[in-house]
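**Student:** start-v7.txt (compact mmCIF, C-alpha atoms) pasted underneath:
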```txt
# COMPACT_ATOMS: atom_id res chain seq x y z
CA MET Y 215 143.09 68.86 32.48
CA GLY Y 216 141.78 68.22 35.94
CA THR Y 217 138.75 70.53 35.68
CA SER Y 218 135.60 68.81 36.90
CA ALA Y 219 132.79 68.24 34.44
CA GLU Y 220 130.49 70.38 36.58
CA ARG Y 221 132.86 73.38 36.32
CA SER Y 222 133.54 73.00 32.61
CA SER Y 223 130.02 72.39 31.34
CA SER Y 224 126.52 73.61 32.11
CA ASN Y 225 125.18 70.21 31.03
CA THR Y 226 127.16 67.15 32.13
CA GLU Y 227 124.72 64.74 30.48
CA TYR Y 228 126.77 64.88 27.29
CA PHE Y 229 124.57 62.40 25.45
CA THR Y 230 121.71 64.99 25.56
CA ARG Y 231 123.76 67.83 24.11
CA GLY Y 232 123.00 67.00 20.51
CA ASP Y 233 119.60 68.75 20.82
CA LYS Y 234 117.66 67.00 18.04
CA ILE Y 235 120.36 64.33 17.63
CA PRO Y 236 119.43 61.27 19.71
CA GLY Y 237 122.04 59.78 21.93
CA PRO Y 238 122.30 56.97 24.44
CA GLN Y 239 124.48 57.05 27.51
CA VAL Y 240 126.52 53.86 27.78
CA ASN Y 241 128.33 52.28 30.72
CA GLY Y 242 131.83 52.39 29.24
CA MET Y 243 133.07 50.21 32.09
CA ASP Y 244 130.92 47.29 30.85
CA ILE Y 245 132.47 45.70 27.77
CA ILE Y 246 129.26 43.89 26.78
CA ALA Y 247 127.15 47.06 27.13
CA SER Y 248 129.72 48.96 25.05
CA LYS Y 249 129.71 46.24 22.38
CA HIS Y 250 125.90 46.33 22.17
CA ALA Y 251 125.94 50.13 21.96
CA VAL Y 252 128.43 50.08 19.08
CA GLU Y 253 126.37 47.39 17.31
CA PHE Y 254 123.29 49.58 17.74
CA ALA Y 255 125.18 52.57 16.34
CA ARG Y 256 126.40 50.57 13.34
CA ASN Y 257 122.80 49.64 12.52
CA TRP Y 258 121.46 53.14 13.15
CA VAL Y 259 120.29 54.34 9.73
CA VAL Y 260 118.01 57.22 10.72
CA GLY Y 261 120.73 59.87 10.95
CA PRO Y 262 123.46 61.09 13.26
CA LEU Y 263 123.88 59.60 16.72
CA LEU Y 264 125.71 61.05 19.73
CA MET Y 265 126.95 58.47 22.23
CA GLU Y 266 128.39 59.07 25.68
CA PHE Y 267 130.53 56.29 27.15
CA VAL Y 268 130.79 56.88 30.90
CA THR Y 269 134.11 55.58 32.24
CA TYR Y 270 136.25 56.02 35.31
CA ARG Y 271 139.84 57.26 35.18
CA TYR Y 272 142.00 55.26 37.59
CA GLY Y 273 144.96 57.59 37.30
CA GLY Y 274 145.76 61.13 36.37
CA HIS Y 275 145.88 62.66 32.92
CA SER Y 276 149.67 62.75 32.72
CA MET Y 277 152.87 62.26 34.70
CA SER Y 278 152.43 65.74 36.23
CA ASP Y 279 148.87 64.84 37.32
CA PRO Y 280 148.94 61.82 39.62
CA GLY Y 281 145.16 61.91 40.00
CA THR Y 282 145.27 61.84 43.80
CA THR Y 283 143.77 65.30 44.17
CA TYR Y 284 140.33 64.33 42.89
CA HIS Y 285 140.20 60.57 43.59
CA MET Y 286 140.96 59.12 46.98
CA ARG Y 287 143.02 55.93 46.96
CA GLU Y 288 140.14 54.00 48.56
CA GLU Y 289 137.73 55.14 45.82
CA VAL Y 290 140.09 53.98 43.08
CA GLN Y 291 140.55 50.60 44.80
CA ARG Y 292 136.76 50.23 45.17
CA MET Y 293 136.20 51.05 41.49
CA ARG Y 294 138.92 48.61 40.39
CA SER Y 295 137.42 45.83 42.49
CA THR Y 296 133.76 46.43 41.53
CA GLN Y 297 133.68 48.15 38.12
CA ASP Y 298 136.86 47.18 36.27
CA PRO Y 299 135.96 46.32 32.64
CA ILE Y 300 138.39 43.41 32.34
CA ARG Y 301 137.32 41.84 35.61
CA GLY Y 302 133.68 42.41 34.61
CA LEU Y 303 134.21 40.54 31.35
CA GLN Y 304 135.91 37.73 33.26
CA ARG Y 305 132.83 37.48 35.50
CA TYR Y 306 130.57 37.25 32.42
CA ILE Y 307 132.75 34.54 30.90
CA GLU Y 308 132.70 32.53 34.14
CA GLU Y 309 128.92 33.01 34.66
CA TRP Y 310 128.20 31.91 31.09
CA GLY Y 311 130.36 28.81 31.57
CA LEU Y 312 132.71 29.72 28.73
CA ALA Y 313 135.83 29.28 30.89
CA THR Y 314 136.76 28.71 34.51
CA GLU Y 315 138.69 31.14 36.68
CA GLN Y 316 141.76 28.89 36.40
CA GLU Y 317 141.52 28.79 32.60
CA LEU Y 318 141.27 32.59 32.48
CA LYS Y 319 144.27 32.94 34.78
CA GLN Y 320 146.25 30.63 32.50
CA LEU Y 321 145.20 32.67 29.43
CA ASP Y 322 146.31 35.84 31.21
CA LYS Y 323 149.63 34.26 32.18
CA ASP Y 324 150.20 33.01 28.61
CA ALA Y 325 149.33 36.43 27.15
CA LYS Y 326 151.74 38.20 29.51
CA ALA Y 327 154.50 35.75 28.58
CA GLU Y 328 153.82 36.35 24.87
CA VAL Y 329 153.98 40.12 25.38
CA ASP Y 330 157.19 39.83 27.41
CA GLN Y 331 158.73 37.72 24.63
CA ALA Y 332 157.66 40.25 21.99
CA VAL Y 333 159.11 43.12 24.05
CA GLU Y 334 162.45 41.34 24.35
CA GLU Y 335 162.43 40.61 20.62
CA ALA Y 336 161.68 44.26 19.89
CA LYS Y 337 164.50 45.42 22.17
CA GLN Y 338 166.93 43.17 20.28
CA SER Y 339 165.69 44.27 16.84
CA HIS Y 340 167.14 47.14 14.81
CA GLU Y 341 165.21 50.40 14.63
CA PRO Y 342 162.68 50.30 11.78
CA LEU Y 343 163.12 52.50 8.73
CA ALA Y 344 160.94 55.61 8.43
CA LYS Y 345 159.27 54.19 5.31
CA ASP Y 346 158.02 51.25 7.38
CA LEU Y 347 156.11 53.52 9.77
CA TRP Y 348 152.99 53.30 7.60
CA THR Y 349 153.08 49.60 6.78
CA ASP Y 350 150.95 46.88 8.36
CA ILE Y 351 148.31 49.34 9.60
CA TYR Y 352 145.47 47.73 7.65
CA TYR Y 353 144.84 44.21 6.48
CA LYS Y 354 145.76 43.95 2.79
CA ASN Y 355 143.17 45.59 0.50
CA THR Y 356 141.09 46.98 3.39
CA GLU Y 357 142.73 50.41 3.55
CA PRO Y 358 140.65 53.42 2.45
CA PRO Y 359 141.07 54.46 -1.20
CA TYR Y 360 142.57 57.87 -0.34
CA MET Y 361 145.57 56.11 1.20
CA HIS Y 362 146.82 54.96 -2.21
CA ASP Y 363 148.83 56.89 -4.78
CA GLN Y 364 148.64 56.33 -8.53
CA ALA Y 365 151.03 53.39 -8.34
CA GLY Y 366 148.90 51.68 -5.68
CA GLY Y 367 151.27 52.27 -2.78
CA ALA Y 368 150.16 53.56 0.59
CA LEU Y 369 150.33 57.30 1.25
CA LEU Y 370 151.03 58.91 4.58
CA LEU Y 371 147.90 59.55 6.60
CA ASN Y 372 147.00 63.22 6.78
CA THR Y 373 143.72 62.72 8.60
CA VAL Y 374 142.79 61.05 11.84
CA TRP Y 375 141.34 57.59 11.33
CA TRP Y 376 138.94 57.05 14.24
CA PRO Y 377 138.48 53.45 15.49
CA TRP Y 378 134.70 53.45 15.09
CA ARG Y 379 135.11 54.41 11.43
CA ALA Y 380 137.21 51.31 10.97
CA TRP Y 381 134.34 49.31 12.53
CA GLY Y 382 132.07 50.64 9.79
CA ALA Y 383 129.89 52.79 12.02
CA LEU Y 384 130.02 55.67 9.54
CA GLU Y 385 129.01 53.71 6.47
CA GLY Y 386 126.10 55.08 4.48
CA ASP Y 387 124.40 58.30 5.51
CA ALA Y 388 124.58 57.71 9.27
CA SER Y 389 127.22 59.40 11.37
CA MET Y 390 128.26 58.92 14.96
CA THR Y 391 130.25 60.90 17.49
CA CYS Y 392 131.62 59.32 20.63
CA ILE Y 393 132.31 61.30 23.79
CA TRP Y 394 134.31 59.53 26.47
CA ASN Y 395 133.17 60.92 29.82
CA LEU Y 396 136.03 60.23 32.23
CA ARG Y 397 134.97 60.76 35.81
```
Represent the structure from my file as structure tokens, please.
**Tutor:**
Amino acid sequence: MGTSAERSSSNTEYFTRGDKIPGPQVNGMDIIASKHAVEFARNWVVGPLLMEFVTYRYGGHSMSDPGTTYHMREEVQRMRSTQDPIRGLQRYIEEWGLATEQELKQLDKDAKAEVDQAVEEAKQSHEPLAKDLWTDIYYKNTEPPYMHDQAGGALLLNTVWWPWRAWGALEGDASMTCIWNLR
């Protein structure tokens, strides 16, 4: 943690490191660009695809790494004000006339209130049973076949289930690897 990309790799253009495997570099700070890149990857049927999503880390890697040694406070503030993905999506929504700034602020306020209510409800609830840890992960009948035992009940996961696999990007013969380049 905390080692610069230039010190840890001879080639920091990660999307080119697949040699014969093609790979686009995607602005991971732009939600629409990321969505289009994932749609492209889902429709990619030629073979494997290596994608690099370039993002910016606002904070450190952990509590022991505040992130102030490699990002100046002014730089972080500038990135938040000019490149923040959520604010960028809000700008798109406003430009496209889908909602006004006031409507978006109200949606944000309503969402925060809903989360606060859910947090309070969770604090008042009893601790869930261990057997419930693996319930409600997938919509009914959408879980992968290997998650069922002979009686049709869900088994514990013993593999990592990557989000893009759930989106269907790995269906068929095509495969995809995502590298998140945090600068």
**Student:** Quick one, how far is CA of Thr230 (chain Y) from CA of Pro299 (chain Y)?
**Tutor:**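 Separation between CA of Thr230 (chain Y) and CA of Pro299 (chain Y): 24.5 Å.
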**Student:** Rounded to one decimal in Å, what is the spacing between CA of Glu315 (chain Y) and CA of Arg271 (chain Y)?
**Tutor:**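 Computed distance, CA of Glu315 (chain Y) to CA of Arg271 (chain Y), equals 26.2 Å.
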**Student:** Can you list, as a list in words, every protein, DNA or RNA residue that comes within 8 Å of region 243-255 of chain Y when you count all atoms listed in the file, leaving out same-chain residues fewer than 5 positions away?
**Tutor:**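 In the requested format, the answer is Leu263, Phe267, Val268, Thr269, Tyr270, Gln297, Asp298, Pro299, Ile300, Gly302, Leu303, Ala383 and Met390 of chain Y.
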**Student:** What is the CA of Leu321 (chain Y) to CA of Ala336 (chain Y) distance in Å?
**Tutor:**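 These two atoms are separated by 22.3 Å.
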**Student:** Go through Y:Val260, Y:Arg287, Y:Gly237, Y:Ala327 one by one, measure the shortest atom-to-atom distance of each to Tyr272 (chain Y) using all atoms listed in the file, and give the residue with the smallest value.
**Tutor:**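 Closest residue, counting all atoms listed in the file: Y:Arg287.
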**Student:** Counting all atoms listed in the file, figure out which residue out of Y:Glu357, Y:Glu266, Y:Glu328, Y:Asp346 gets nearest to Phe229 (chain Y).
**Tutor:** Y:Glu266
**Student:** Just checking: using all atoms listed in the file, which residue out of Y:Thr283, Y:Pro238, Y:Leu264, Y:Ser278 ends up closest to Thr217 (chain Y)?
**Tutor:**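 Among the listed residues, Y:Thr283 lies closest to Thr217 (chain Y).
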